[in-house]
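Text of run-v3.csv (CSV, C-alpha atoms) as supplied:
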```
chain,number,residue,atom,x,y,z
J,1,MET,CA,6.1,17.3,4.1
J,2,THR,CA,6.8,19.0,0.7
J,3,ARG,CA,10.3,19.9,1.9
J,4,ILE,CA,11.1,16.3,2.4
J,5,LEU,CA,9.8,15.3,-1.0
J,6,HIS,CA,11.8,18.0,-2.6
J,7,ALA,CA,15.0,16.8,-1.0
J,8,LEU,CA,14.3,13.1,-1.8
J,9,PRO,CA,15.7,13.3,-5.4
J,10,LEU,CA,19.0,14.5,-4.0
J,11,LEU,CA,19.5,11.1,-2.4
J,12,PHE,CA,19.7,9.5,-5.8
J,13,LEU,CA,22.6,11.7,-6.9
J,14,VAL,CA,25.1,9.7,-5.0
J,15,PRO,CA,26.9,7.3,-7.4
J,16,ALA,CA,26.1,3.6,-6.9
J,17,GLU,CA,29.9,2.8,-6.3
J,18,ALA,CA,30.0,5.2,-3.3
J,19,GLN,CA,27.0,3.4,-1.8
J,20,THR,CA,28.8,0.1,-1.8
J,21,LEU,CA,32.4,1.1,-0.9
J,22,PRO,CA,33.5,-0.1,2.6
J,23,VAL,CA,34.2,2.5,5.2
J,24,ASN,CA,37.8,3.6,5.2
J,25,ASP,CA,38.8,4.0,8.9
J,26,TYR,CA,42.6,4.0,8.3
J,27,PRO,CA,43.9,7.6,8.2
J,28,THR,CA,46.1,8.4,5.2
J,29,GLU,CA,49.1,9.0,7.6
J,30,ALA,CA,48.8,5.5,8.9
J,31,ARG,CA,48.7,4.0,5.4
J,32,ALA,CA,51.6,6.1,4.3
J,33,ASP,CA,53.7,5.1,7.4
J,34,TYR,CA,53.0,1.4,6.7
J,35,VAL,CA,54.0,1.8,3.0
J,36,PHE,CA,57.2,3.7,3.9
J,37,GLY,CA,58.2,1.0,6.4
J,38,CYS,CA,57.3,-1.8,3.9
J,39,MET,CA,59.3,-0.2,1.1
J,40,ALA,CA,62.3,0.2,3.4
J,41,VAL,CA,62.3,-3.6,3.8
J,42,ASN,CA,61.3,-4.5,0.3
J,43,GLY,CA,63.1,-1.9,-1.8
J,44,GLN,CA,62.5,1.6,-3.0
J,45,THR,CA,61.0,0.6,-6.3
J,46,PRO,CA,57.7,1.3,-8.1
J,47,ASP,CA,56.9,-2.4,-7.8
J,48,ALA,CA,57.5,-2.3,-4.0
J,49,LEU,CA,55.3,0.8,-3.8
J,50,ARG,CA,52.4,-1.1,-5.6
J,51,ARG,CA,52.9,-4.2,-3.4
J,52,CYS,CA,53.2,-2.3,-0.2
J,53,SER,CA,50.1,-0.2,-1.0
J,54,CYS,CA,48.2,-3.3,-1.8
J,55,ALA,CA,49.3,-4.9,1.5
J,56,ILE,CA,48.0,-2.1,3.7
J,57,ASP,CA,44.7,-2.0,1.7
J,58,VAL,CA,44.3,-5.8,2.4
J,59,ILE,CA,45.1,-5.3,6.1
J,60,ALA,CA,42.6,-2.5,6.3
J,61,THR,CA,39.9,-4.8,4.9
J,62,ILE,CA,40.6,-7.5,7.5
J,63,LEU,CA,41.6,-5.6,10.7
J,64,PRO,CA,39.8,-2.5,12.0
J,65,TYR,CA,42.0,0.5,12.6
J,66,ASP,CA,41.6,0.3,16.4
J,67,GLY,CA,43.0,-3.3,16.2
J,68,TYR,CA,45.9,-2.2,14.0
J,69,VAL,CA,46.8,0.6,16.5
J,70,SER,CA,46.6,-1.8,19.4
J,71,ALA,CA,48.9,-4.3,17.7
J,72,GLU,CA,51.4,-1.7,16.7
J,73,THR,CA,51.4,-0.3,20.2
J,74,VAL,CA,52.1,-3.8,21.6
J,75,LEU,CA,54.9,-4.4,19.1
J,76,ALA,CA,56.5,-1.0,20.0
J,77,MET,CA,56.2,-1.6,23.7
J,78,ARG,CA,57.8,-5.0,23.3
J,79,GLN,CA,60.9,-3.2,22.1
J,80,THR,CA,61.4,-1.5,25.5
J,81,SER,CA,63.0,-3.0,28.5
J,82,GLY,CA,62.0,-3.2,32.1
J,83,GLU,CA,59.0,-4.6,34.0
J,84,ARG,CA,56.5,-2.5,32.1
J,85,SER,CA,57.3,-4.3,28.8
J,86,THR,CA,56.4,-7.6,30.4
J,87,LEU,CA,52.7,-6.6,30.3
J,88,PHE,CA,53.0,-6.4,26.5
J,89,ARG,CA,54.9,-9.7,26.2
J,90,ASP,CA,53.2,-12.1,28.4
J,91,THR,CA,49.4,-11.4,28.3
J,92,ALA,CA,46.7,-13.0,26.2
J,93,PRO,CA,45.2,-9.7,25.1
J,94,ALA,CA,48.5,-8.4,23.9
J,95,ASN,CA,49.3,-11.6,22.1
J,96,GLY,CA,45.8,-11.6,20.6
J,97,PHE,CA,46.3,-8.1,19.1
J,98,VAL,CA,49.6,-9.2,17.5
J,99,ALA,CA,48.2,-12.5,16.2
J,100,ASP,CA,45.3,-10.6,14.5
J,101,LEU,CA,47.8,-8.3,12.8
J,102,ARG,CA,50.0,-11.2,11.8
J,103,ARG,CA,47.1,-13.0,10.2
J,104,ALA,CA,46.1,-9.9,8.2
J,105,GLU,CA,49.8,-9.5,7.1
J,106,ALA,CA,49.9,-13.1,6.0
J,107,GLU,CA,46.8,-12.6,3.9
J,108,ALA,CA,48.3,-9.4,2.4
J,109,GLU,CA,51.5,-11.3,1.7
J,110,ILE,CA,49.6,-14.0,-0.3
J,111,LEU,CA,47.6,-11.5,-2.2
J,112,CYS,CA,50.1,-8.8,-2.9
J,113,PHE,CA,53.6,-10.3,-3.0
```

Serialized structure, structure tokens:
Amino acid sequence: MTRILHALPLLFLVPAEAQTLPVNDYPTEARADYVFGCMAVNGQTPDALRRCSCAIDVIATILPYDGYVSAETVLAMRQTSGERSTLFRDTAPANGFVADLRRAEAEAEILCF
């Protein structure tokens, strides 16, 4: 019992900000990849860097990383040809993943650009 009581004060050493921050489930590589692609479209300027970084941060607050990966996968598969790509073009789940990403991107556009 005394061991637990001795460890208890350590719990209060975590800054209050860290206790209220949302969980960051987007890996840095995914965020950087998004920013690079966004900057390729919007210009290689410091302003584009700020806006594109803002955009992926907004998207991450709206769409869980698994949903982001699913939408990106659907969009990539839609670029292929053949019968297999039909599954990614004409199904409700595939369209739902893309619609969720598009909504998150629209919110990011409003807030960041």

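Of the residues listed (J:Ala106, J:Thr73, J:Ala55, J:Phe113), J:Thr73 shows the shortest atom-to-atom separation from J:Ala94; distances use all atoms listed in the file.
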
How far is it from atom CA of J:Cys38 to atom CA of J:Glu109, in Å with one decimal? 11.3 Å

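In this model, the gap between atom CA of J:Cys112 and atom CA of J:Arg78 comes to 27.6 Å.
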
Point-to-point distance in Å for atom CA of J:Ala32 and atom CA of J:Tyr65: 13.9 Å

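Counting all atoms listed in the file and comparing J:Ser81, J:Leu87, J:Val35, J:Val98, the residue that lies closest to J:Asp57 is J:Val35.
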
Nearest to J:Ala104 among J:Ser85, J:Thr45, J:Cys52, J:Thr61, with distances taken over only C-alpha atoms: which residue is it? J:Thr61

Do a neighbour search on J:Glu107 at 8 Å with only C-alpha atoms, toss out local chain neighbours closer than 3 positions, and write the hits as JSON, numbers by chain. {"J": [58, 59, 103, 104, 110, 111]}

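With distances taken over all atoms listed in the file, J:Pro27 is the one residue among J:Pro27, J:Gly43, J:Gly37, J:Gly82 lying closest to J:Tyr68.
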
For J:Leu63, which residue out of J:Leu101, J:Asp33, J:Pro93, J:Asn24 is the nearest one, using all atoms listed in the file? J:Leu101

Mind checking which residues fall within 10 Å of J:Arg102, counting all atoms listed in the file, ignoring those fewer than 6 positions away in the same chain, and posting them as a PDB file with C-alpha atoms, in the coordinates of the input?
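Listing of part_8.pdb after writing:
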```
ATOM      1  CA  ILE J  59      45.100  -5.300   6.100  1.00  0.00           C
ATOM      2  CA  ALA J  71      48.900  -4.300  17.700  1.00  0.00           C
ATOM      3  CA  GLY J  96      45.800 -11.600  20.600  1.00  0.00           C
ATOM      4  CA  ALA J 108      48.300  -9.400   2.400  1.00  0.00           C
TER       5      ALA J 108
END
```

Best match for closeness to J:Met39 among J:Gly67, J:Ile56, J:Phe88, J:Ile62, counting all atoms listed in the file: J:Ile56

Would you pick out the contacts of J:Val69 at 10 Å or less, using only C-alpha atoms, so that residues sharing its chain but fewer than 5 positions from it are not included, and give the list as a list in words? Tyr26, Ala30, Leu63, Pro64, Val74, Leu75, Phe97 and Leu101 of chain J

For the selection just defined, write its residues with C-alpha atoms to a file, as an mmCIF file, in the frame of the given file.
```cif
data_model
loop_
_atom_site.group_PDB
_atom_site.id
_atom_site.type_symbol
_atom_site.label_atom_id
_atom_site.label_comp_id
_atom_site.auth_asym_id
_atom_site.auth_seq_id
_atom_site.Cartn_x
_atom_site.Cartn_y
_atom_site.Cartn_z
ATOM 1 C CA TYR J 26 42.600 4.000 8.300
ATOM 2 C CA ALA J 30 48.800 5.500 8.900
ATOM 3 C CA LEU J 63 41.600 -5.600 10.700
ATOM 4 C CA PRO J 64 39.800 -2.500 12.000
ATOM 5 C CA VAL J 74 52.100 -3.800 21.600
ATOM 6 C CA LEU J 75 54.900 -4.400 19.100
ATOM 7 C CA PHE J 97 46.300 -8.100 19.100
ATOM 8 C CA LEU J 101 47.800 -8.300 12.800
#
```

Your completed stretch 91-105 of chain J with N, CA, C and O atoms, as a compact mmCIF listing (two decimals), in the coordinates of the input:
```
# COMPACT_ATOMS: atom_id res chain seq x y z
N THR J 91 50.88 -11.37 28.05
CA THR J 91 49.40 -11.40 28.30
C THR J 91 48.67 -11.84 27.10
O THR J 91 49.06 -11.56 25.96
N ALA J 92 47.57 -12.50 27.34
CA ALA J 92 46.70 -13.00 26.20
C ALA J 92 46.18 -11.87 25.37
O ALA J 92 46.21 -11.99 24.14
N PRO J 93 45.68 -10.77 25.95
CA PRO J 93 45.20 -9.70 25.10
C PRO J 93 46.26 -9.13 24.15
O PRO J 93 46.02 -8.92 22.96
N ALA J 94 47.45 -8.91 24.69
CA ALA J 94 48.50 -8.40 23.90
C ALA J 94 48.89 -9.35 22.75
O ALA J 94 49.06 -8.97 21.59
N ASN J 95 48.99 -10.62 23.11
CA ASN J 95 49.30 -11.60 22.10
C ASN J 95 48.19 -11.74 21.06
O ASN J 95 48.46 -11.99 19.88
N GLY J 96 46.95 -11.54 21.48
CA GLY J 96 45.80 -11.60 20.60
C GLY J 96 45.87 -10.47 19.54
O GLY J 96 45.60 -10.68 18.35
N PHE J 97 46.20 -9.25 19.99
CA PHE J 97 46.30 -8.10 19.10
C PHE J 97 47.36 -8.39 17.99
O PHE J 97 47.15 -8.16 16.80
N VAL J 98 48.50 -8.89 18.43
CA VAL J 98 49.60 -9.20 17.50
C VAL J 98 49.23 -10.31 16.55
O VAL J 98 49.51 -10.25 15.36
N ALA J 99 48.58 -11.33 17.09
CA ALA J 99 48.20 -12.50 16.20
C ALA J 99 47.20 -12.02 15.16
O ALA J 99 47.30 -12.46 14.00
N ASP J 100 46.26 -11.13 15.49
CA ASP J 100 45.30 -10.60 14.50
C ASP J 100 46.06 -9.86 13.39
O ASP J 100 45.76 -10.03 12.20
N LEU J 101 47.03 -9.04 13.78
CA LEU J 101 47.80 -8.30 12.80
C LEU J 101 48.62 -9.26 11.92
O LEU J 101 48.68 -9.11 10.70
N ARG J 102 49.23 -10.24 12.53
CA ARG J 102 50.00 -11.20 11.80
C ARG J 102 49.19 -11.97 10.76
O ARG J 102 49.63 -12.24 9.64
N ARG J 103 47.97 -12.34 11.14
CA ARG J 103 47.10 -13.00 10.20
C ARG J 103 46.73 -12.12 9.02
O ARG J 103 46.72 -12.55 7.87
N ALA J 104 46.44 -10.86 9.31
CA ALA J 104 46.10 -9.90 8.20
C ALA J 104 47.33 -9.70 7.33
O ALA J 104 47.20 -9.64 6.11
N GLU J 105 48.53 -9.62 7.93
CA GLU J 105 49.80 -9.50 7.10
C GLU J 105 50.01 -10.70 6.27
O GLU J 105 50.47 -10.57 5.12
```
